[in-house]
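Okay, so here's the structure we're looking at.
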Amino acid sequence: MRCAILADIHGNLAAFQAVLEDLHRRGAVDELWCLGDVVGYGPHPGECIRLLRQHAHLCVAGNHDWAAVGNIDTSYFNPEAAAACQWTAEHLTPDDIDYLRDLPLTLRQGDFTLVHGSPREPIWEYILSTWSAQENFACFDTRFCLIGHSHAPLFFELDQGGLCQSRQLPGDLSLKEEKRLIINCGSVGQPRDGDPRASYAILDTEESIIYHYRIDYDISLTQQGMREAGLPPRLIDRLSLGW
């Protein structure tokens, strides 16, 4: 089985399209696995939802997905994120709203648990340290957990001795060793690791490998759409910086 792993598209249609075009060049996949935040920040939330739904896919809820449809409030968002969320909510169709409102918090697919933030707190928690990762290994019972939310491609491994380590996600990550992993394949629409290129991965279960890719896209096209929508300037500028 081959699956594309996508997270944090955030209404960035140009980035999403570029990823799908790259994916097509690399050969067919059986499903897209989306780890939440299809919407938020970007200027094309509905278009991204509808493009995702054109493909065989699984998707879990992200905090921006649920905030845009009132499943959670935005009191923990910073003012710019809250403003973008309000704009997003005003530009969704009833069908878009139903889709986002019904997204599950977690999914399990074979050896993989899929969540947005963390298995312990799927909507809100960021896993950025070995300390938080180590605690979260006790919160899922599969070998692997796929996460998004932090917009940074990295992985945490727990060896048989209980030692947790963190590393940047390489171009290919073998899943053959007897270790448990929490894996973040980065963000399609708003990377935050200093590299503005879209980030995604392909999981090949027969080879037991995750391949990680970075893809150029027309950032200025998304930024222009954000300006026309009146979205906050800092959200526009950060796309060029990958932060």
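Chain labels A, B, ... are given in the sequence in which chains occur in the structure tokens; within each chain residues are numbered consecutively from 1, and ligands are likewise numbered from 1 in the order shown.
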
All residues 8 Å or closer to range 235-240 of chain A, only C-alpha atoms, same chain fewer than 5 positions away omitted, as a PDB file with C-alpha atoms, in the first residue's frame:
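The result, written out as around_28.pdb:
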```
ATOM      1  CA  TYR A  41      -4.724  31.117   7.471  1.00  0.00           C
ATOM      2  CA  GLU A  80      -4.173  37.033  13.847  1.00  0.00           C
ATOM      3  CA  GLN A 190       2.551  26.880   6.038  1.00  0.00           C
ATOM      4  CA  PRO A 191       5.969  25.340   6.860  1.00  0.00           C
ATOM      5  CA  PRO A 196       9.121  27.782   2.715  1.00  0.00           C
ATOM      6  CA  ILE A 219       4.123  31.503  -2.857  1.00  0.00           C
ATOM      7  CA  GLN A 223       0.093  35.810  -0.771  1.00  0.00           C
ATOM      8  CA  MET A 226      -4.461  36.607   1.158  1.00  0.00           C
ATOM      9  CA  ARG A 227      -4.022  40.330   0.482  1.00  0.00           C
TER      10      ARG A 227
END
```

| If you count only C-alpha atoms, which residues fall within 12 Å of Glu90 in chain A, apart from same-chain ones fewer than 2 positions away, as a list in words? |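 Surrounding residues, per the criterion: Gly40, Pro43, His44, Pro45, Gly46, Ala68, Val69, Gly70, Ala83, Ala84, Cys85, Gln86, Trp87, Thr88, Leu92, Thr93, Pro94, Asp96, Ile97 and Ala229 of chain A.
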
Dump of C-alpha atoms for the selected residues, as a PDB file, in the first residue's frame:
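Saved the output as out.pdb:
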```
ATOM      1  CA  GLY A  40      -7.156  28.317   8.391  1.00  0.00           C
ATOM      2  CA  PRO A  43      -7.297  32.245   1.144  1.00  0.00           C
ATOM      3  CA  HIS A  44      -8.907  29.131  -0.385  1.00  0.00           C
ATOM      4  CA  PRO A  45     -10.396  27.009   2.413  1.00  0.00           C
ATOM      5  CA  GLY A  46     -13.381  25.666   0.501  1.00  0.00           C
ATOM      6  CA  ALA A  68     -13.949  27.364  11.737  1.00  0.00           C
ATOM      7  CA  VAL A  69     -17.192  25.449  12.299  1.00  0.00           C
ATOM      8  CA  GLY A  70     -17.701  26.242  15.981  1.00  0.00           C
ATOM      9  CA  ALA A  83      -9.076  36.804  12.601  1.00  0.00           C
ATOM     10  CA  ALA A  84      -8.125  34.299   9.897  1.00  0.00           C
ATOM     11  CA  CYS A  85     -10.425  31.724  11.482  1.00  0.00           C
ATOM     12  CA  GLN A  86     -13.343  34.152  11.430  1.00  0.00           C
ATOM     13  CA  TRP A  87     -12.684  34.947   7.761  1.00  0.00           C
ATOM     14  CA  THR A  88     -12.499  31.235   6.978  1.00  0.00           C
ATOM     15  CA  LEU A  92     -17.315  27.950   3.796  1.00  0.00           C
ATOM     16  CA  THR A  93     -20.350  26.371   2.172  1.00  0.00           C
ATOM     17  CA  PRO A  94     -22.836  24.368   4.248  1.00  0.00           C
ATOM     18  CA  ASP A  96     -17.822  22.327   3.737  1.00  0.00           C
ATOM     19  CA  ILE A  97     -19.048  22.954   7.270  1.00  0.00           C
ATOM     20  CA  ALA A 229      -9.020  38.684   1.282  1.00  0.00           C
TER      21      ALA A 229
END
```

| task | Could you give me, as a VMD selection string, the residues within 12 Å of Val29 in chain A, counting only C-alpha atoms and dropping anything in the same chain fewer than 3 positions from it? | result | chain A and resid 1 to 5 20 22 to 26 32 to 33 55 to 57 201 to 205

Keeping only C-alpha atoms, write the selected residues as a CSV table (one decimal), in the first residue's frame.
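Listed below is the output, again-v4.csv:
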```
chain,number,residue,atom,x,y,z
A,1,MET,CA,0.0,0.0,0.0
A,2,ARG,CA,1.2,3.5,-0.8
A,3,CYS,CA,-0.3,6.5,0.9
A,4,ALA,CA,0.4,10.2,0.8
A,5,ILE,CA,0.8,11.8,4.2
A,20,LEU,CA,-0.6,16.7,-5.8
A,22,ASP,CA,4.4,16.1,-7.6
A,23,LEU,CA,2.6,13.1,-6.1
A,24,HIS,CA,1.2,12.3,-9.6
A,25,ARG,CA,4.7,12.4,-11.1
A,26,ARG,CA,5.9,9.9,-8.5
A,32,LEU,CA,-4.3,10.4,1.0
A,33,TRP,CA,-3.9,10.5,4.8
A,55,HIS,CA,-9.4,11.8,-3.8
A,56,ALA,CA,-9.7,8.6,-1.8
A,57,HIS,CA,-8.7,9.9,1.6
A,201,ALA,CA,5.6,12.3,2.5
A,202,ILE,CA,4.7,9.0,0.9
A,203,LEU,CA,4.3,5.9,3.0
A,204,ASP,CA,5.1,2.6,1.3
A,205,THR,CA,4.0,-0.2,3.6
```

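Omitting Arg143 in chain A and its sequence neighbours fewer than 2 positions away, and counting only C-alpha atoms, the residues within 7 Å are Asp111, Phe112, Asp141, Arg180 and Leu181 of chain A.
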
| message | Based on the backbone DSSP call, show me all residues of range 109-175 of chain A assigned strand (DSSP E or B), as number ranges by chain. | response | A: 109, 112-114, 144-147, 153-158, 164-168, 172-174

Selection file, N, CA and C atoms, as a short mmCIF file (atom, residue, chain, number, x, y, z; two decimals), in the first residue's frame:
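part_8.cif was written with the following content:
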```
data_model
loop_
_atom_site.label_atom_id
_atom_site.label_comp_id
_atom_site.auth_asym_id
_atom_site.auth_seq_id
_atom_site.Cartn_x
_atom_site.Cartn_y
_atom_site.Cartn_z
N GLN A 109 -5.07 3.03 11.43
CA GLN A 109 -4.92 2.28 10.19
C GLN A 109 -3.76 1.32 10.34
N PHE A 112 -0.60 2.26 12.32
CA PHE A 112 -0.50 3.71 12.40
C PHE A 112 -1.70 4.33 13.11
N THR A 113 -1.42 5.22 14.04
CA THR A 113 -2.43 6.09 14.63
C THR A 113 -2.28 7.47 13.99
N LEU A 114 -3.40 8.05 13.56
CA LEU A 114 -3.39 9.35 12.91
C LEU A 114 -4.06 10.37 13.82
N PHE A 144 3.36 3.13 15.33
CA PHE A 144 3.66 4.44 14.79
C PHE A 144 2.49 5.40 15.02
N CYS A 145 2.82 6.66 15.20
CA CYS A 145 1.81 7.71 15.28
C CYS A 145 2.22 8.83 14.32
N LEU A 146 1.30 9.24 13.45
CA LEU A 146 1.52 10.32 12.51
C LEU A 146 0.82 11.57 13.03
N ILE A 147 1.56 12.68 13.10
CA ILE A 147 1.04 13.93 13.66
C ILE A 147 1.31 15.10 12.72
N PRO A 153 8.97 19.12 9.99
CA PRO A 153 9.22 17.70 9.74
C PRO A 153 10.28 17.13 10.67
N LEU A 154 9.86 16.26 11.56
CA LEU A 154 10.76 15.63 12.51
C LEU A 154 10.14 14.33 13.00
N PHE A 155 10.93 13.53 13.69
CA PHE A 155 10.37 12.32 14.26
C PHE A 155 11.02 12.04 15.61
N PHE A 156 10.28 11.31 16.43
CA PHE A 156 10.72 10.88 17.75
C PHE A 156 10.71 9.36 17.77
N GLU A 157 11.76 8.78 18.30
CA GLU A 157 11.82 7.32 18.38
C GLU A 157 11.99 6.89 19.83
N LEU A 158 11.33 5.81 20.17
CA LEU A 158 11.42 5.22 21.50
C LEU A 158 12.01 3.83 21.34
N CYS A 164 13.97 8.04 24.54
CA CYS A 164 13.31 8.79 23.47
C CYS A 164 14.31 9.79 22.87
N GLN A 165 14.40 9.80 21.55
CA GLN A 165 15.26 10.73 20.85
C GLN A 165 14.50 11.42 19.73
N SER A 166 14.96 12.63 19.36
CA SER A 166 14.32 13.41 18.31
C SER A 166 15.31 13.68 17.19
N ARG A 167 14.83 13.64 15.95
CA ARG A 167 15.67 13.93 14.79
C ARG A 167 14.85 14.63 13.71
N GLN A 168 15.54 15.36 12.84
CA GLN A 168 14.89 15.90 11.66
C GLN A 168 14.48 14.75 10.74
N ASP A 172 14.40 9.64 3.47
CA ASP A 172 13.71 8.37 3.60
C ASP A 172 13.94 7.83 5.02
N LEU A 173 12.86 7.38 5.62
CA LEU A 173 12.88 6.90 6.99
C LEU A 173 12.43 5.44 7.00
N SER A 174 13.32 4.53 7.40
CA SER A 174 12.98 3.11 7.46
C SER A 174 12.12 2.84 8.69
#
```

| said: Which residue is closest to Ala82 in chain A? Choose from A:Pro232, A:Ser208, A:Gly189, A:Glu178 and count only C-alpha atoms. | reply: A:Pro232

| Taking the backbone alone, and naming residues the way the document does, which bits of range 176-235 of chain A are alpha helix (DSSP H) by DSSP, as number ranges by chain? | A: 219-229, 233-235

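Contact shell of Ser199 in chain A at 7 Å (only C-alpha atoms; same-chain neighbours under 3 positions omitted): Cys185, Gly186, Ser187, Val188, Tyr213, Arg214 and Ile215 of chain A.
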
Atoms to include: N, CA and C atoms. Write the selected residues as a compact mmCIF listing (two decimals), in the first residue's frame.
```
# COMPACT_ATOMS: atom_id res chain seq x y z
N CYS A 185 5.44 14.89 9.26
CA CYS A 185 5.94 15.07 7.90
C CYS A 185 5.91 16.52 7.44
N GLY A 186 5.68 17.45 8.36
CA GLY A 186 5.70 18.87 8.01
C GLY A 186 4.39 19.36 7.43
N SER A 187 4.38 20.60 7.00
CA SER A 187 3.16 21.27 6.55
C SER A 187 3.16 21.49 5.04
N VAL A 188 2.02 21.22 4.43
CA VAL A 188 1.85 21.54 3.02
C VAL A 188 1.78 23.05 2.82
N TYR A 213 9.39 14.67 1.06
CA TYR A 213 9.68 15.56 -0.06
C TYR A 213 9.39 17.01 0.29
N ARG A 214 10.17 17.91 -0.33
CA ARG A 214 9.92 19.36 -0.27
C ARG A 214 9.67 19.84 -1.69
N ILE A 215 8.62 20.66 -1.87
CA ILE A 215 8.15 21.04 -3.19
C ILE A 215 8.04 22.56 -3.30
```

| If you count only C-alpha atoms, which residues fall within 9 Å of Val38 in chain A, apart from same-chain ones fewer than 3 positions away, as a list of chain:residue names? |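 Non-adjacent residues within range: A:Ala7, A:Asp8, A:Ile9, A:His10, A:Gly11, A:Asn12, A:Cys34, A:Leu35, A:Pro45, A:Cys48, A:Ile49, A:Leu52, A:Cys59, A:Ala61, A:Gly62, A:His64, A:Asp65, A:Leu100, A:Gly189.
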
| query | Can you tell me, as a PyMOL selection string, what residues are no more than 9 Å from Asp193 in chain A when counting only C-alpha atoms, ignoring any on the same chain fewer than 5 positions away? | reply | chain A and resi 151-153+186+241-243

Could those selected residues go to a file with N, CA and C atoms, as an mmCIF file, in the first residue's frame?
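Written output follows (part24.cif):
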```cif
data_model
loop_
_atom_site.group_PDB
_atom_site.id
_atom_site.type_symbol
_atom_site.label_atom_id
_atom_site.label_comp_id
_atom_site.auth_asym_id
_atom_site.auth_seq_id
_atom_site.Cartn_x
_atom_site.Cartn_y
_atom_site.Cartn_z
ATOM 1 N N HIS A 151 3.982 21.946 12.205
ATOM 2 C CA HIS A 151 4.432 22.380 10.873
ATOM 3 C C HIS A 151 5.923 22.158 10.649
ATOM 4 N N ALA A 152 6.534 21.246 11.374
ATOM 5 C CA ALA A 152 7.969 20.987 11.253
ATOM 6 C C ALA A 152 8.207 19.499 11.037
ATOM 7 N N PRO A 153 8.967 19.115 9.991
ATOM 8 C CA PRO A 153 9.216 17.702 9.737
ATOM 9 C C PRO A 153 10.284 17.127 10.670
ATOM 10 N N GLY A 186 5.679 17.454 8.358
ATOM 11 C CA GLY A 186 5.705 18.873 8.012
ATOM 12 C C GLY A 186 4.390 19.356 7.429
ATOM 13 N N LEU A 241 9.131 33.120 4.446
ATOM 14 C CA LEU A 241 10.212 32.779 5.375
ATOM 15 C C LEU A 241 10.171 31.332 5.839
ATOM 16 N N GLY A 242 9.077 30.678 5.584
ATOM 17 C CA GLY A 242 8.931 29.326 6.098
ATOM 18 C C GLY A 242 8.860 29.319 7.622
ATOM 19 N N TRP A 243 8.100 30.262 8.158
ATOM 20 C CA TRP A 243 7.997 30.375 9.605
ATOM 21 C C TRP A 243 6.650 30.903 10.066
#
```

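Interatomic distance, CA of Leu221 in chain A to CA of Gly42 in chain A: 11.0 Å.
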
| message | Ranking A:Gly225, A:Gly27, A:Gly36, A:Pro79 by minimum distance to Leu103 in chain A and counting only C-alpha atoms, which one comes first? | response |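 Ranking A:Gly225, A:Gly27, A:Gly36, A:Pro79 by distance to Leu103 in chain A, first place goes to A:Gly36.
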
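Ranking A:Glu135, A:Glu31, A:Glu177, A:Asp218 by their shortest atom-to-atom distance to Arg197 in chain A, with only C-alpha atoms included, puts A:Asp218 first.
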